[in-house]
Amino acid sequence: MKILVVGNGAREDALSWRLARSARCSAVCATPGNAGTARRGENWGISATDGKAIAARAVADRIDLAVLGPETSVAAGVGDRLREAGVAVFGPGRSAGRLESSKIFAKRFMERHDVPTARARIVHSLSGAERALEDWRGACVVKADGLAGGKGVVVTPDAASARAVVRSWFGASGVPGGGNDLLLEEKLEGRELSVFALCDGKRFVPVAAACDYKRAGDGDTGPNTGGMGAYSPPNAFPDGFLEIVRERILEPVARGLVVENERYVGVLYCGLMWTANGPSVIEFNVRFGDPETQVLMPRVRGDFALLLESVSRGALDASAATFDGDPCVGVVLATTDYPRSSTPLSGLPADVELGEGRAAFWGVSNLREGRVDASGGRVLTVTALGSDIASAREGAYAAVTELAGRFGDGLPLTFRSDIAAGAHN
Ligand code: AMP
Ligand code: GLY
């Protein structure tokens with residue numbers, strides 16, 4: 001099987017790394033690709049949102065399976081263009097992709113189909129938002145409709161703070177829809193958990209779970225980021241929690257998709273809050289998570305390419321591969337100015353091999369004359385497996401120290417020192 005991975009972050013590097021280990025995979029290329037994927041196969045360099053060009057090249061190169069990494073590819077209809085061209089795709093089309101690309105679509109969908117989620121008011125103007133906040137009690141989560149790269153959500157303590165956010169967003173160019181289309185949501189209390197479910201267009205199977213760290217600083221301080229680390233499996237959740245998620249969340253979602261004539265093929269990432277009443281949906285994503293993927297891929301046992309291919313064919317074979325290898329912890333090495341900006345770093349050593357049970361995945365980067373130029377802010381995700389979370393965590397931090405030594409002093413790189421620290425075994 002010749003496989004194409006669409007995207008250029010550490011998530012896509014991890015997907016390509018795992019796919020390359022599959023007996024069924026004869027070649028793995030990427031587009032646009034990064035410094036990690038370049039070491040395994042050809043990087044096409046075509047933008048991850050240019051569906052027409054990707055589909056044309058996929059046909060010419062006889063790609064057997066395309067795997068969509070980022071939400072921007074889904075929202076740009078890259079899956080639709082590939083399917084029209086006859087290429088098998090792991091990843092939904094643009095229409096079902098609205099579960100992520102429009103928070104208002106997702107909230108209404110959940111309300112229509114009784115999927116547990118935070119209660120919300122949907123507004124389409126500044127005055128509508130201000131009216132809704134007049135009698136608001138307690139904390140309020142303000143969310144902009146549309147893809148905002150993690151920057152379209154602010155958790156506020158009360159209506160006055162929510163009003164300040166709404167006003168500052170109104171007419172702002174960086175906010176999707178100019179801040180007109182908003183969700184004002186009750187704040188859920190509990191523990192956060194990411195559950196990944198595969199769907200072949202007919203049924204959903206929850207296959208893996210992880211916890212990620214979104215804030216920049218230790219102790220969950222500082223601004224929100226794309227993610228500074230993750231670990232899997234999560235713990236301190238009730239026994240059989242995946243089964244609970246299947247019954248309460250995935251089954252109503254599957255029924256709703258049928259009723260609404262939407263076909264979902266790929267992975268559904270359920271961002272959940274485990275409340276006193278069980279799981280409640282914070283958000284859906286229509287692709288694998290970053291950095292969760294970097295800790296899930298080392299845990300895969302079996303043939304990952306076969307698993308994704310079975311999903312793309314509409315015949316999910318959950319026995320092809322499982323995600324139950326040893327626990328894994330991943331730590332993101334980021335530039336010190338991330339997420340405010342992302343200083344490009346050039347001429348980094350390309351060799352980030354760490355030996356058995358450890359891996360390092362490149363973020364947005366290029367391989368040039370044997371050295372790496374990194375420009376994404378999140379430079380590497382460094383992972384380690386261990387017999388339990390504590391030893392995986394030790395291994396991951398030892399690997400960070402080893403790589404930092406290889407990179408030399410003076411680089412403006414930083415990382416959180418508390419990834420998986422609070423995790424019980
Ligand atoms: P999102 O971009 O929707 O994942 O939101 C970013 C983060 O905001 C989530 O990971 C949560 O930590 C937090 N968040 C979003 N919605 C809620 C909510 N209704 N209650 C509590 N926290 C929330
Ligand atoms: N880890 C968060 C995300 O991928 O959206």
# chains A, B, ... in the order shown; residues from 1 in each chain; ligands from 1
>>> closest_atom_pairs(of="chain A", to="ligand 2", cutoff="12 Å", atoms="only C-alpha atoms and all ligand atoms", output="tab-separated table")
residue	atom	partner	partner_atom_place_in_ligand_line	distance
A:Gly9	CA	ligand 2	4 (O)	10.9
A:Ala10	CA	ligand 2	4 (O)	10.8
A:Arg11	CA	ligand 2	4 (O)	8.7
A:Glu12	CA	ligand 2	4 (O)	11.6
A:Gly69	CA	ligand 2	4 (O)	10.0
A:Pro70	CA	ligand 2	4 (O)	8.7
A:Glu71	CA	ligand 2	5 (O)	8.9
A:Thr72	CA	ligand 2	5 (O)	11.7
A:Glu100	CA	ligand 2	5 (O)	9.8
A:Ser101	CA	ligand 2	5 (O)	11.8
A:Leu147	CA	ligand 2	5 (O)	10.5
A:Ala148	CA	ligand 2	5 (O)	10.5
A:Gly149	CA	ligand 2	5 (O)	7.9
A:Gly150	CA	ligand 2	5 (O)	7.0
A:Lys151	CA	ligand 2	5 (O)	10.8
A:Gly152	CA	ligand 2	5 (O)	11.9
A:Glu192	CA	ligand 2	1 (N)	11.4
A:Leu193	CA	ligand 2	1 (N)	10.4
A:Ser194	CA	ligand 2	1 (N)	8.2
A:Val195	CA	ligand 2	1 (N)	11.1
A:Phe196	CA	ligand 2	4 (O)	11.2
A:Ala209	CA	ligand 2	1 (N)	11.7
A:Ala210	CA	ligand 2	1 (N)	9.4
A:Cys211	CA	ligand 2	1 (N)	8.5
A:Asp212	CA	ligand 2	1 (N)	6.0
A:Tyr213	CA	ligand 2	1 (N)	7.7
A:Lys214	CA	ligand 2	1 (N)	7.1
A:Arg215	CA	ligand 2	1 (N)	10.8
A:Asn224	CA	ligand 2	2 (C)	10.4
A:Thr225	CA	ligand 2	2 (C)	8.7
A:Gly226	CA	ligand 2	2 (C)	5.9
A:Gly227	CA	ligand 2	1 (N)	5.3
A:Met228	CA	ligand 2	1 (N)	8.5
A:Gly229	CA	ligand 2	1 (N)	8.5
A:Ala230	CA	ligand 2	1 (N)	8.2
A:Tyr231	CA	ligand 2	1 (N)	11.1
A:Leu268	CA	ligand 2	4 (O)	11.4
A:Tyr269	CA	ligand 2	4 (O)	8.5
A:Cys270	CA	ligand 2	5 (O)	9.9
A:Gly271	CA	ligand 2	2 (C)	8.4
A:Leu272	CA	ligand 2	2 (C)	11.7
A:Ile282	CA	ligand 2	5 (O)	11.4
A:Glu283	CA	ligand 2	5 (O)	9.2
A:Phe284	CA	ligand 2	5 (O)	9.0
A:Asn285	CA	ligand 2	5 (O)	6.8
A:Val286	CA	ligand 2	5 (O)	9.4
A:Arg287	CA	ligand 2	4 (O)	8.0
A:Phe288	CA	ligand 2	4 (O)	6.6
A:Gly289	CA	ligand 2	4 (O)	3.3
A:Asp290	CA	ligand 2	4 (O)	4.0
A:Pro291	CA	ligand 2	1 (N)	5.4
A:Glu292	CA	ligand 2	1 (N)	5.9
A:Thr293	CA	ligand 2	4 (O)	8.4
A:Gln294	CA	ligand 2	1 (N)	10.3
A:Val295	CA	ligand 2	1 (N)	11.2
A:Gly330	CA	ligand 2	1 (N)	11.8
A:Val332	CA	ligand 2	1 (N)	11.6
>>> residues_near_ligand(ligand="ligand 1", cutoff="6 Å", atoms="only C-alpha atoms and all ligand atoms", output="PyMOL selection string")
chain A and resi 118+141+150+153+185-188+282-283
>>> select_by_dssp(residues="region 219-417 of chain A", states="helix (DSSP H, G or I)", output="count of residues only")
55
>>> closest_residue(among="A:Arg313, A:Arg203, A:Arg191, A:Arg94", to="Ala236 (chain A)", atoms="only C-alpha atoms")
A:Arg191
>>> residues_around(residues="Val87 (chain A)", least_positions_apart="4", cutoff="10 Å", atoms="only C-alpha atoms", output="VMD selection string")
chain A and resid 55 58 to 59 62 to 66 79 to 83 312
>>> closest_residue(among="A:Gly408, A:Gly302, A:Pro327, A:Pro349", to="Arg18 (chain A)", atoms="only C-alpha atoms")
A:Gly302
>>> residues_around(residues="Ala392 (chain A)", least_positions_apart="3", cutoff="9 Å", atoms="only C-alpha atoms", output="PyMOL selection string")
chain A and resi 231+326-330+383-389+395-397
>>> select_by_dssp(residues="region 100-250 of chain A", states="strand (DSSP E or B)", output="MDAnalysis selection string")
chainID A and resid 117 120:123 140:144 153:156 182:186 191:200 204:217 221:232
>>> atom_distance(atom1="CA of Ala398 (chain A)", atom2="CA of Ala334 (chain A)")
16.6 Å
>>> atom_distance(atom1="CA of Leu296 (chain A)", atom2="CA of Ala208 (chain A)")
7.6 Å
>>> residues_around(residues="region 156-163 of chain A", least_positions_apart="6", cutoff="7 Å", atoms="only C-alpha atoms", output="PyMOL selection string")
chain A and resi 130+133+136-142
>>> write_last_selection(atoms="C-alpha atoms", output="tab-separated table (two decimals), in the first residue's frame")
chain	number	residue	atom	x	y	z
A	130	GLU	CA	-25.06	41.47	25.69
A	133	LEU	CA	-25.34	38.04	29.45
A	136	TRP	CA	-26.16	35.17	33.23
A	137	ARG	CA	-25.16	33.60	36.52
A	138	GLY	CA	-21.76	32.09	37.24
A	139	ALA	CA	-18.83	31.38	34.98
A	140	CYS	CA	-19.21	31.72	31.22
A	141	VAL	CA	-17.17	30.15	28.42
A	142	VAL	CA	-17.12	32.37	25.34
>>> closest_atom_pairs(of="region 207-324 of chain A", to="region 19-29 of chain A", cutoff="7 Å", atoms="only C-alpha atoms", output="JSON lines")
{"residue": "A:Asp303", "atom": "CA", "partner": "A:Ser22", "partner_atom": "CA", "distance": 5.4}
{"residue": "A:Phe304", "atom": "CA", "partner": "A:Leu19", "partner_atom": "CA", "distance": 6.1}
{"residue": "A:Ala305", "atom": "CA", "partner": "A:Leu19", "partner_atom": "CA", "distance": 5.5}
{"residue": "A:Leu306", "atom": "CA", "partner": "A:Arg24", "partner_atom": "CA", "distance": 6.9}
>>> residues_around(residues="Trp169 (chain A)", least_positions_apart="6", cutoff="8 Å", atoms="only C-alpha atoms", output="list in words")
Val175, Gly178 and Gly179 of chain A
>>> write_last_selection(atoms="N, CA, C and O atoms", output="compact mmCIF listing (two decimals), in the first residue's frame")
# COMPACT_ATOMS: atom_id res chain seq x y z
N VAL A 175 -10.59 37.04 14.77
CA VAL A 175 -11.64 36.16 15.33
C VAL A 175 -12.55 35.70 14.19
O VAL A 175 -13.02 36.54 13.41
N GLY A 178 -15.63 37.64 12.64
CA GLY A 178 -15.56 38.97 13.24
C GLY A 178 -16.22 39.02 14.62
O GLY A 178 -16.63 40.07 15.10
N GLY A 179 -16.30 37.85 15.28
CA GLY A 179 -16.85 37.82 16.65
C GLY A 179 -18.35 37.97 16.72
O GLY A 179 -18.91 38.20 17.78
>>> residues_around(residues="Glu42 (chain A)", least_positions_apart="4", cutoff="12 Å", atoms="only C-alpha atoms", output="PyMOL selection string")
chain A and resi 2-5+16+27-38+46+61+367
>>> decode(residues="region 99-110 of chain A", atoms="all heavy atoms", output="CSV table (one decimal), in the first residue's frame")
chain,number,residue,atom,x,y,z
A,99,LEU,N,-18.7,19.3,12.3
A,99,LEU,CA,-18.7,19.0,13.8
A,99,LEU,C,-17.5,19.7,14.5
A,99,LEU,O,-17.5,19.9,15.7
A,99,LEU,CB,-18.6,17.5,14.0
A,99,LEU,CG,-19.9,16.7,13.8
A,99,LEU,CD1,-19.6,15.2,13.9
A,99,LEU,CD2,-21.0,17.1,14.7
A,100,GLU,N,-16.4,20.0,13.7
A,100,GLU,CA,-15.3,20.8,14.3
A,100,GLU,C,-15.3,22.2,13.8
A,100,GLU,O,-15.1,23.1,14.5
A,100,GLU,CB,-14.0,20.1,14.0
A,100,GLU,CG,-12.8,21.0,14.5
A,100,GLU,CD,-11.4,20.3,14.6
A,100,GLU,OE1,-11.3,19.2,14.1
A,100,GLU,OE2,-10.5,21.0,15.0
A,101,SER,N,-15.5,22.4,12.5
A,101,SER,CA,-15.3,23.7,11.9
A,101,SER,C,-16.4,24.7,12.3
A,101,SER,O,-16.2,25.9,12.1
A,101,SER,CB,-15.2,23.6,10.3
A,101,SER,OG,-16.4,23.1,9.8
A,102,SER,N,-17.5,24.2,12.7
A,102,SER,CA,-18.5,25.2,13.3
A,102,SER,C,-19.0,24.7,14.6
A,102,SER,O,-19.7,23.7,14.8
A,102,SER,CB,-19.7,25.3,12.3
A,102,SER,OG,-20.8,26.0,13.0
A,103,LYS,N,-18.6,25.5,15.7
A,103,LYS,CA,-19.0,25.1,17.0
A,103,LYS,C,-20.5,25.2,17.2
A,103,LYS,O,-21.2,24.5,18.0
A,103,LYS,CB,-18.3,26.0,18.0
A,103,LYS,CG,-16.8,25.6,18.2
A,103,LYS,CD,-16.2,26.4,19.3
A,103,LYS,CE,-14.7,26.3,19.3
A,103,LYS,NZ,-14.2,25.0,19.5
A,104,ILE,N,-21.2,26.1,16.4
A,104,ILE,CA,-22.6,26.3,16.4
A,104,ILE,C,-23.3,25.1,15.8
A,104,ILE,O,-24.3,24.5,16.4
A,104,ILE,CB,-23.1,27.6,15.8
A,104,ILE,CG1,-22.6,28.8,16.6
A,104,ILE,CG2,-24.6,27.7,15.6
A,104,ILE,CD1,-22.9,30.2,16.0
A,105,PHE,N,-22.8,24.6,14.7
A,105,PHE,CA,-23.3,23.4,14.0
A,105,PHE,C,-23.2,22.2,15.0
A,105,PHE,O,-24.2,21.5,15.3
A,105,PHE,CB,-22.6,23.1,12.8
A,105,PHE,CG,-23.0,21.8,12.2
A,105,PHE,CD1,-24.1,21.6,11.3
A,105,PHE,CD2,-22.2,20.6,12.5
A,105,PHE,CE1,-24.4,20.4,10.8
A,105,PHE,CE2,-22.6,19.4,11.9
A,105,PHE,CZ,-23.7,19.3,11.1
A,106,ALA,N,-22.1,22.1,15.6
A,106,ALA,CA,-21.8,21.0,16.6
A,106,ALA,C,-22.8,21.0,17.8
A,106,ALA,O,-23.4,20.0,18.2
A,106,ALA,CB,-20.4,20.9,17.0
A,107,LYS,N,-22.9,22.2,18.3
A,107,LYS,CA,-23.8,22.4,19.5
A,107,LYS,C,-25.2,22.1,19.1
A,107,LYS,O,-25.9,21.3,19.8
A,107,LYS,CB,-23.7,23.8,20.0
A,107,LYS,CG,-24.4,24.1,21.3
A,107,LYS,CD,-24.0,23.3,22.5
A,107,LYS,CE,-22.6,23.7,23.0
A,107,LYS,NZ,-22.2,22.9,24.2
A,108,ARG,N,-25.7,22.6,18.0
A,108,ARG,CA,-27.1,22.3,17.6
A,108,ARG,C,-27.3,20.8,17.3
A,108,ARG,O,-28.3,20.2,17.7
A,108,ARG,CB,-27.5,23.1,16.4
A,108,ARG,CG,-27.6,24.6,16.7
A,108,ARG,CD,-28.5,25.3,15.7
A,108,ARG,NE,-28.8,26.6,16.2
A,108,ARG,CZ,-28.5,27.7,15.5
A,108,ARG,NH1,-27.8,27.7,14.4
A,108,ARG,NH2,-28.8,28.9,16.0
A,109,PHE,N,-26.3,20.2,16.7
A,109,PHE,CA,-26.3,18.8,16.4
A,109,PHE,C,-26.5,18.0,17.7
A,109,PHE,O,-27.3,17.1,17.8
A,109,PHE,CB,-25.1,18.3,15.6
A,109,PHE,CG,-25.0,16.9,15.3
A,109,PHE,CD1,-25.5,16.4,14.1
A,109,PHE,CD2,-24.4,16.0,16.2
A,109,PHE,CE1,-25.5,15.0,13.8
A,109,PHE,CE2,-24.3,14.6,15.9
A,109,PHE,CZ,-24.9,14.1,14.7
A,110,MET,N,-25.6,18.3,18.7
A,110,MET,CA,-25.7,17.6,20.0
A,110,MET,C,-27.0,17.8,20.7
A,110,MET,O,-27.6,16.9,21.3
A,110,MET,CB,-24.5,18.1,20.9
A,110,MET,CG,-23.2,17.6,20.4
A,110,MET,SD,-21.9,17.9,21.6
A,110,MET,CE,-21.3,19.5,21.0
